[in-house]
file query.txt (compact mmCIF, C-alpha atoms)
# COMPACT_ATOMS: atom_id res chain seq x y z
CA VAL A 1 -17.95 191.87 175.68
CA TRP A 2 -14.72 190.29 174.48
CA GLU A 3 -11.04 190.19 175.33
CA MET A 4 -8.13 189.28 173.08
CA PRO A 5 -4.54 188.79 174.31
CA ARG A 6 -1.74 190.57 172.43
CA GLU A 7 1.99 189.95 172.51
CA ALA A 8 3.56 192.31 175.05
CA TYR A 9 7.02 193.75 174.42
CA ARG A 10 7.25 197.49 175.07
CA ALA A 11 4.79 200.04 176.40
CA CYS A 12 3.00 201.67 173.46
CA TYR A 13 0.53 204.53 173.35
CA SER A 14 -0.89 204.52 169.81
CA ALA A 15 -4.66 204.97 169.88
CA PRO A 16 -6.57 202.30 167.92
CA PHE A 17 -9.20 203.34 165.40
CA VAL A 18 -12.14 201.84 163.54
CA LEU A 19 -11.62 201.63 159.79
CA GLU A 20 -14.90 201.89 157.90
CA LYS A 21 -15.25 201.62 154.13
CA PRO A 22 -18.50 201.64 152.13
CA GLY A 23 -19.71 198.10 151.56
CA GLN A 24 -17.07 196.59 153.87
CA ALA A 25 -17.25 195.29 157.42
CA ALA A 26 -15.70 197.63 159.99
CA GLU A 27 -12.19 196.79 161.25
CA LEU A 28 -10.54 197.74 164.55
CA ILE A 29 -6.91 198.65 163.74
CA VAL A 30 -4.44 198.33 166.62
CA THR A 31 -0.76 199.34 166.31
CA SER A 32 2.02 198.42 168.73
CA THR A 33 5.70 197.44 168.77
CA THR A 34 5.01 193.89 167.69
CA ALA A 35 2.45 194.35 164.93
CA ILE A 36 -0.37 196.19 163.24
CA THR A 37 -3.46 194.03 163.63
CA SER A 38 -7.02 194.16 162.32
CA TYR A 39 -9.80 192.80 164.53
CA ASP A 40 -13.51 192.28 164.06
CA PRO A 41 -14.84 194.95 166.48
CA ASP A 42 -17.91 192.83 167.31
CA THR A 43 -16.13 189.59 168.20
CA GLY A 44 -12.45 190.45 168.73
CA LYS A 45 -11.35 187.83 166.21
CA PRO A 46 -8.28 188.90 164.21
CA ASN A 47 -8.62 189.49 160.48
CA TRP A 48 -4.91 189.94 159.69
CA ASN A 49 -1.60 190.69 161.42
CA TRP A 50 1.34 192.61 159.93
CA LYS A 51 4.60 192.32 161.89
CA TRP A 52 7.21 195.07 162.13
CA ALA A 53 10.75 194.24 161.04
CA PHE A 54 13.29 196.47 162.81
CA ASP A 55 17.00 196.85 162.10
CA ARG A 56 17.98 196.68 165.76
CA MET A 57 15.75 196.47 168.80
CA PRO A 58 11.97 196.80 168.41
CA LEU A 59 10.77 200.39 168.67
CA ARG A 60 7.89 201.91 170.61
CA THR A 61 4.72 203.25 168.96
CA VAL A 62 3.35 206.50 170.34
CA ALA A 63 1.82 208.31 167.36
CA SER A 64 -1.51 206.96 166.13
CA THR A 65 -1.64 205.28 162.74
CA ALA A 66 -3.25 207.19 159.86
CA TYR A 67 -5.17 205.72 156.91
CA ALA A 68 -5.79 206.99 153.38
CA ASN A 69 -6.56 205.40 150.02
CA GLY A 70 -5.83 201.82 151.05
CA LEU A 71 -2.62 202.66 152.94
CA LEU A 72 -1.79 202.67 156.65
CA PHE A 73 0.93 205.07 157.84
CA ALA A 74 2.50 203.98 161.13
CA CYS A 75 5.37 205.60 163.06
CA SER A 76 7.65 204.18 165.73
CA GLY A 77 10.74 205.35 167.56
CA ASP A 78 12.74 205.52 170.73
CA GLY A 79 14.13 208.18 173.04
CA ALA A 80 17.63 207.30 171.86
CA GLY A 81 16.80 208.71 168.41
CA ASP A 82 15.84 205.65 166.35
CA ARG A 83 12.93 206.21 163.97
CA HIS A 84 10.99 203.88 161.69
CA MET A 85 7.91 204.83 159.69
CA VAL A 86 6.12 202.40 157.35
CA ALA A 87 3.43 202.70 154.70
CA VAL A 88 1.49 199.43 154.55
CA ALA A 89 -0.88 198.63 151.69
CA LEU A 90 -3.87 196.60 152.84
CA ASN A 91 -4.50 195.00 149.44
CA GLY A 92 -8.07 194.18 150.35
CA PHE A 93 -10.24 194.34 153.46
CA GLY A 94 -10.98 192.15 156.43
CA LYS A 95 -9.91 188.55 156.15
CA GLU A 96 -9.25 189.07 152.44
CA ALA A 97 -6.56 191.71 153.09
CA ARG A 98 -2.92 190.92 152.35
CA PRO A 99 -1.01 193.73 154.06
CA ALA A 100 2.45 194.52 152.68
CA ARG A 101 4.98 197.30 153.28
CA ILE A 102 5.41 199.48 150.21
CA TRP A 103 7.85 202.08 151.57
CA GLU A 104 9.54 203.16 154.76
CA ASN A 105 11.45 206.10 156.20
CA LYS A 106 13.98 205.64 159.00
CA LYS A 107 14.97 209.23 159.61
CA GLU A 108 12.50 212.06 159.10
CA PHE A 109 9.10 210.97 160.39
CA PRO A 110 7.99 211.71 163.96
CA TYR A 111 8.01 209.38 166.93
CA VAL A 112 5.41 211.13 169.09
CA THR A 113 3.32 213.42 166.86
CA CYS A 114 0.74 211.91 164.52
CA PRO A 115 1.05 212.34 160.75
CA LEU A 116 -1.68 214.22 158.89
CA VAL A 117 -3.09 212.93 155.60
CA HIS A 118 -4.65 215.48 153.26
CA GLY A 119 -5.49 214.49 149.71
CA GLU A 120 -2.58 212.56 148.24
CA HIS A 121 -0.01 213.89 150.71
CA ILE A 122 1.22 213.35 154.27
CA TYR A 123 2.24 216.30 156.45
CA ILE A 124 4.38 216.05 159.58
CA VAL A 125 6.12 218.01 162.29
CA ASN A 126 8.68 216.32 164.52
CA ALA A 127 10.70 216.75 167.70
CA SER A 128 13.64 218.16 165.72
CA GLY A 129 11.56 221.12 164.57
CA LEU A 130 11.07 219.89 161.02
CA ALA A 131 7.87 220.35 159.03
CA GLY A 132 7.48 218.19 155.95
CA CYS A 133 5.23 217.13 153.10
CA TYR A 134 5.46 213.74 151.36
CA HIS A 135 3.59 212.12 148.51
CA ALA A 136 1.61 209.35 150.21
CA LYS A 137 1.95 206.53 147.67
CA PRO A 138 5.65 206.61 146.73
CA GLY A 139 6.79 208.25 150.00
CA LYS A 140 8.77 210.86 148.08
CA ARG A 141 9.59 214.04 149.98
CA VAL A 142 7.92 217.11 148.45
CA TRP A 143 9.25 219.77 150.83
CA HIS A 144 11.01 219.97 154.16
CA GLU A 145 11.54 223.01 156.34
CA ARG A 146 13.25 223.50 159.70
CA LEU A 147 11.41 225.78 162.12
CA SER A 148 14.06 227.45 164.26
CA ASP A 149 13.99 226.86 168.02
CA ALA A 150 10.93 224.59 167.73
CA GLN A 151 10.24 221.10 169.03
CA PHE A 152 6.90 219.36 168.54
CA TYR A 153 5.26 216.85 170.87
CA ALA A 154 1.67 217.97 170.24
CA SER A 155 0.19 216.51 167.06
CA PRO A 156 -0.71 219.00 164.34
CA VAL A 157 -4.35 219.56 163.38
CA LEU A 158 -5.79 220.38 159.96
CA ILE A 159 -8.46 223.08 159.64
CA ASP A 160 -9.60 224.60 156.36
CA GLY A 161 -6.50 223.51 154.45
CA LYS A 162 -4.19 224.89 157.13
CA ILE A 163 -1.95 222.98 159.53
CA TYR A 164 -1.85 224.25 163.11
CA ALA A 165 1.32 222.97 164.80
CA CYS A 166 1.92 223.85 168.46
CA SER A 167 5.54 223.76 169.57
CA GLU A 168 6.76 222.89 173.04
CA GLN A 169 8.06 226.48 173.21
CA GLY A 170 4.48 227.80 173.07
CA VAL A 171 4.37 228.98 169.45
CA VAL A 172 1.51 227.98 167.14
CA TYR A 173 2.72 227.72 163.55
CA VAL A 174 0.06 228.02 160.85
CA ILE A 175 1.29 226.29 157.68
CA ALA A 176 -0.51 225.83 154.37
CA ALA A 177 -1.27 222.18 153.60
CA ASP A 178 0.00 222.74 150.07
CA PRO A 179 2.26 220.32 148.18
CA LYS A 180 3.40 223.12 145.88
CA GLY A 181 5.71 224.47 148.54
CA TYR A 182 6.20 225.42 152.17
CA GLN A 183 4.16 228.45 153.20
CA LEU A 184 4.24 229.76 156.76
CA ILE A 185 1.02 231.76 157.10
CA ALA A 186 1.34 232.95 160.70
CA THR A 187 2.95 232.38 164.09
CA ASN A 188 1.15 233.02 167.37
CA THR A 189 2.75 232.91 170.81
CA VAL A 190 0.68 231.36 173.60
CA GLY A 191 3.11 232.22 176.38
CA GLN A 192 3.57 228.78 177.90
CA ARG A 193 4.76 225.28 176.94
CA ILE A 194 2.47 223.14 174.78
CA LEU A 195 2.78 219.35 174.92
CA SER A 196 -0.78 218.19 174.18
CA THR A 197 -2.68 218.25 170.91
CA PRO A 198 -5.16 221.14 170.64
CA ALA A 199 -8.89 220.49 170.24
CA ALA A 200 -10.71 222.36 167.49
CA MET A 201 -14.32 223.53 167.66
CA THR A 202 -16.41 224.48 164.63

call {"tool": "encode", "arguments": {"input": "query.txt", "output": "structure tokens"}}
result
Amino acid sequence: VWEMPREAYRACYSAPFVLEKPGQAAELIVTSTTAITSYDPDTGKPNWNWKWAFDRMPLRTVASTAYANGLLFACSGDGAGDRHMVAVALNGFGKEARPARIWENKKEFPYVTCPLVHGEHIYIVNASGLAGCYHAKPGKRVWHERLSDAQFYASPVLIDGKIYACSEQGVVYVIAADPKGYQLIATNTVGQRILSTPAAMT
């Protein structure tokens, strides 16, 4: 139907998504090393383009970008340990948007696993075995907890106010999605490595 060239720099694996808001035209949001870009999903014409600014070399995007309350949350990183997460305010929609970074985190956010947005907070687990909760708008850390002997490459899922995080070591951690404090509800051992995100059925 249409094809649009993008600047190629590093292999990236972030899944694009369609952003739909009541009364607004749909936007196809694509995240990669070079930029976060909005396209018209019918024609492929770009609406806006926000370019990453890295301290050193450009980083790879693997986790998919999340959206909540006018903000995009995008993560990037590298196998060497560099991390760079940004919160980008759209400041409008479509061609009227004026995207701008409002905060960033260069240490704690994941490179591979996707962030979860629930209410006014972001929840994460990362490859270092850290689980965390942050206030979405200012980016302020609410709580942080290290899960011993755990590494996460599968993205967490949210069901009924609970976060299900599957570690590479085969343990499913059930954590309350509660900004009041870290609460580990349960741990369940699967008995084998887990690297892919679980699917949930209702």

call {"tool": "residues_around", "arguments": {"input": "query.txt", "residues": "segment 15-22 of chain A", "least_positions_apart": "5", "cutoff": "8 Å", "atoms": "all atoms listed in the file", "output": "PDB file with C-alpha atoms, keeping the file's coordinate frame"}}
result
ATOM      1  CA  GLU A  27     -12.190 196.790 161.250  1.00  0.00           C
ATOM      2  CA  LEU A  28     -10.540 197.740 164.550  1.00  0.00           C
ATOM      3  CA  ILE A  29      -6.910 198.650 163.740  1.00  0.00           C
ATOM      4  CA  VAL A  30      -4.440 198.330 166.620  1.00  0.00           C
ATOM      5  CA  THR A  31      -0.760 199.340 166.310  1.00  0.00           C
ATOM      6  CA  PRO A  41     -14.840 194.950 166.480  1.00  0.00           C
ATOM      7  CA  ALA A  63       1.820 208.310 167.360  1.00  0.00           C
ATOM      8  CA  SER A  64      -1.510 206.960 166.130  1.00  0.00           C
ATOM      9  CA  THR A  65      -1.640 205.280 162.740  1.00  0.00           C
TER      10      THR A  65
END

call {"tool": "closest_residue", "arguments": {"input": "query.txt", "among": "A:Gly161, A:Val172, A:Cys166, A:Gly181", "to": "Gly132 of chain A", "atoms": "all atoms listed in the file"}}
result
A:Gly181

call {"tool": "atom_distance", "arguments": {"input": "query.txt", "atom1": "atom CA of Cys114 of chain A", "atom2": "atom CA of Ala53 of chain A"}}
result
20.6 Å

call {"tool": "atom_distance", "arguments": {"input": "query.txt", "atom1": "atom CA of Glu120 of chain A", "atom2": "atom CA of Ile194 of chain A"}}
result
29.0 Å

call {"tool": "atom_distance", "arguments": {"input": "query.txt", "atom1": "atom CA of Arg60 of chain A", "atom2": "atom CA of Tyr13 of chain A"}}
result
8.3 Å

call {"tool": "closest_residue", "arguments": {"input": "query.txt", "among": "A:Met57, A:Val125, A:Ala11, A:Ala66", "to": "Ala165 of chain A", "atoms": "all atoms listed in the file"}}
result
A:Val125

call {"tool": "closest_residue", "arguments": {"input": "query.txt", "among": "A:Ala177, A:Ala87, A:Val62, A:Ala150", "to": "Gly129 of chain A", "atoms": "only C-alpha atoms"}}
result
A:Ala150

call {"tool": "residues_around", "arguments": {"input": "query.txt", "residues": "Asp82 of chain A", "least_positions_apart": "2", "cutoff": "10 Å", "atoms": "all atoms listed in the file", "output": "list in words"}}
result
Asp55, Arg56, Met57, Pro58, Leu59, Arg60, Ser76, Gly77, Asp78, Gly79, Ala80, His84, Lys106, Lys107 and Tyr111 of chain A

call {"tool": "closest_residue", "arguments": {"input": "query.txt", "among": "A:Gly170, A:Ala200, A:Leu184, A:Arg83", "to": "Ala131 of chain A", "atoms": "only C-alpha atoms"}}
result
A:Leu184

call {"tool": "residues_around", "arguments": {"input": "query.txt", "residues": "segment 44-51 of chain A", "least_positions_apart": "4", "cutoff": "10 Å", "atoms": "only C-alpha atoms", "output": "ChimeraX atom specification"}}
result
/A:1-5,27-40,88,90,93-101

call {"tool": "residues_around", "arguments": {"input": "query.txt", "residues": "Thr113 of chain A", "least_positions_apart": "6", "cutoff": "7 Å", "atoms": "all atoms listed in the file", "output": "list of chain:residue names"}}
result
A:Ala63, A:Asn126, A:Tyr153, A:Ala154, A:Ser155

call {"tool": "closest_residue", "arguments": {"input": "query.txt", "among": "A:Val117, A:Cys75, A:Ile124, A:Gln24", "to": "Arg146 of chain A", "atoms": "only C-alpha atoms"}}
result
A:Ile124

call {"tool": "closest_residue", "arguments": {"input": "query.txt", "among": "A:Val190, A:Met201, A:Ile185, A:Leu71", "to": "Gln169 of chain A", "atoms": "only C-alpha atoms"}}
result
A:Val190

call {"tool": "residues_around", "arguments": {"input": "query.txt", "residues": "Arg141 of chain A", "least_positions_apart": "2", "cutoff": "10 Å", "atoms": "all atoms listed in the file", "output": "list in words"}}
result
Glu108, His121, Ile122, Gly132, Cys133, Tyr134, His135, Ala136, Pro138, Gly139, Trp143, His144 and Pro179 of chain A

call {"tool": "build_atoms", "arguments": {"input": "query.txt", "residues": "segment 28-45 of chain A", "atoms": "N, CA, C and O atoms", "output": "PDB file, in the frame of the given file"}}
result
ATOM      1  N   LEU A  28     -11.234 197.043 163.461  1.00  0.00           N
ATOM      2  CA  LEU A  28     -10.540 197.740 164.550  1.00  0.00           C
ATOM      3  C   LEU A  28      -9.042 197.574 164.301  1.00  0.00           C
ATOM      4  O   LEU A  28      -8.525 196.453 164.315  1.00  0.00           O
ATOM      5  N   ILE A  29      -8.339 198.683 164.051  1.00  0.00           N
ATOM      6  CA  ILE A  29      -6.910 198.650 163.740  1.00  0.00           C
ATOM      7  C   ILE A  29      -6.120 199.018 164.992  1.00  0.00           C
ATOM      8  O   ILE A  29      -6.305 200.101 165.563  1.00  0.00           O
ATOM      9  N   VAL A  30      -5.242 198.125 165.416  1.00  0.00           N
ATOM     10  CA  VAL A  30      -4.440 198.330 166.620  1.00  0.00           C
ATOM     11  C   VAL A  30      -2.956 198.250 166.244  1.00  0.00           C
ATOM     12  O   VAL A  30      -2.513 197.271 165.630  1.00  0.00           O
ATOM     13  N   THR A  31      -2.192 199.276 166.622  1.00  0.00           N
ATOM     14  CA  THR A  31      -0.760 199.340 166.310  1.00  0.00           C
ATOM     15  C   THR A  31       0.054 199.294 167.592  1.00  0.00           C
ATOM     16  O   THR A  31      -0.248 199.993 168.556  1.00  0.00           O
ATOM     17  N   SER A  32       1.097 198.470 167.598  1.00  0.00           N
ATOM     18  CA  SER A  32       2.020 198.420 168.730  1.00  0.00           C
ATOM     19  C   SER A  32       3.396 198.018 168.214  1.00  0.00           C
ATOM     20  O   SER A  32       3.598 197.839 167.011  1.00  0.00           O
ATOM     21  N   THR A  33       4.344 197.844 169.137  1.00  0.00           N
ATOM     22  CA  THR A  33       5.700 197.440 168.770  1.00  0.00           C
ATOM     23  C   THR A  33       5.722 196.165 167.938  1.00  0.00           C
ATOM     24  O   THR A  33       6.469 196.045 166.975  1.00  0.00           O
ATOM     25  N   THR A  34       4.917 195.201 168.323  1.00  0.00           N
ATOM     26  CA  THR A  34       5.010 193.890 167.690  1.00  0.00           C
ATOM     27  C   THR A  34       4.322 193.807 166.349  1.00  0.00           C
ATOM     28  O   THR A  34       4.777 193.083 165.475  1.00  0.00           O
ATOM     29  N   ALA A  35       3.204 194.541 166.169  1.00  0.00           N
ATOM     30  CA  ALA A  35       2.450 194.350 164.930  1.00  0.00           C
ATOM     31  C   ALA A  35       1.373 195.407 164.768  1.00  0.00           C
ATOM     32  O   ALA A  35       0.991 196.097 165.717  1.00  0.00           O
ATOM     33  N   ILE A  36       0.884 195.513 163.530  1.00  0.00           N
ATOM     34  CA  ILE A  36      -0.370 196.190 163.240  1.00  0.00           C
ATOM     35  C   ILE A  36      -1.386 195.085 162.975  1.00  0.00           C
ATOM     36  O   ILE A  36      -1.151 194.215 162.139  1.00  0.00           O
ATOM     37  N   THR A  37      -2.497 195.127 163.704  1.00  0.00           N
ATOM     38  CA  THR A  37      -3.460 194.030 163.630  1.00  0.00           C
ATOM     39  C   THR A  37      -4.861 194.578 163.379  1.00  0.00           C
ATOM     40  O   THR A  37      -5.241 195.620 163.912  1.00  0.00           O
ATOM     41  N   SER A  38      -5.616 193.855 162.554  1.00  0.00           N
ATOM     42  CA  SER A  38      -7.020 194.160 162.320  1.00  0.00           C
ATOM     43  C   SER A  38      -7.881 193.150 163.060  1.00  0.00           C
ATOM     44  O   SER A  38      -7.655 191.940 162.957  1.00  0.00           O
ATOM     45  N   TYR A  39      -8.868 193.664 163.803  1.00  0.00           N
ATOM     46  CA  TYR A  39      -9.800 192.800 164.530  1.00  0.00           C
ATOM     47  C   TYR A  39     -11.237 193.077 164.077  1.00  0.00           C
ATOM     48  O   TYR A  39     -11.554 194.195 163.655  1.00  0.00           O
ATOM     49  N   ASP A  40     -12.080 192.085 164.207  1.00  0.00           N
ATOM     50  CA  ASP A  40     -13.510 192.280 164.060  1.00  0.00           C
ATOM     51  C   ASP A  40     -13.981 192.984 165.338  1.00  0.00           C
ATOM     52  O   ASP A  40     -13.867 192.422 166.429  1.00  0.00           O
ATOM     53  N   PRO A  41     -14.488 194.222 165.258  1.00  0.00           N
ATOM     54  CA  PRO A  41     -14.840 194.950 166.480  1.00  0.00           C
ATOM     55  C   PRO A  41     -16.009 194.334 167.251  1.00  0.00           C
ATOM     56  O   PRO A  41     -16.191 194.642 168.431  1.00  0.00           O
ATOM     57  N   ASP A  42     -16.780 193.466 166.621  1.00  0.00           N
ATOM     58  CA  ASP A  42     -17.910 192.830 167.310  1.00  0.00           C
ATOM     59  C   ASP A  42     -17.491 191.594 168.103  1.00  0.00           C
ATOM     60  O   ASP A  42     -18.045 191.318 169.165  1.00  0.00           O
ATOM     61  N   THR A  43     -16.500 190.864 167.574  1.00  0.00           N
ATOM     62  CA  THR A  43     -16.130 189.590 168.200  1.00  0.00           C
ATOM     63  C   THR A  43     -14.722 189.559 168.765  1.00  0.00           C
ATOM     64  O   THR A  43     -14.400 188.711 169.588  1.00  0.00           O
ATOM     65  N   GLY A  44     -13.845 190.467 168.299  1.00  0.00           N
ATOM     66  CA  GLY A  44     -12.450 190.450 168.730  1.00  0.00           C
ATOM     67  C   GLY A  44     -11.583 189.492 167.943  1.00  0.00           C
ATOM     68  O   GLY A  44     -10.371 189.411 168.171  1.00  0.00           O
ATOM     69  N   LYS A  45     -12.155 188.768 166.997  1.00  0.00           N
ATOM     70  CA  LYS A  45     -11.350 187.830 166.210  1.00  0.00           C
ATOM     71  C   LYS A  45     -10.463 188.591 165.224  1.00  0.00           C
ATOM     72  O   LYS A  45     -10.923 189.512 164.555  1.00  0.00           O
TER      73      LYS A  45
END
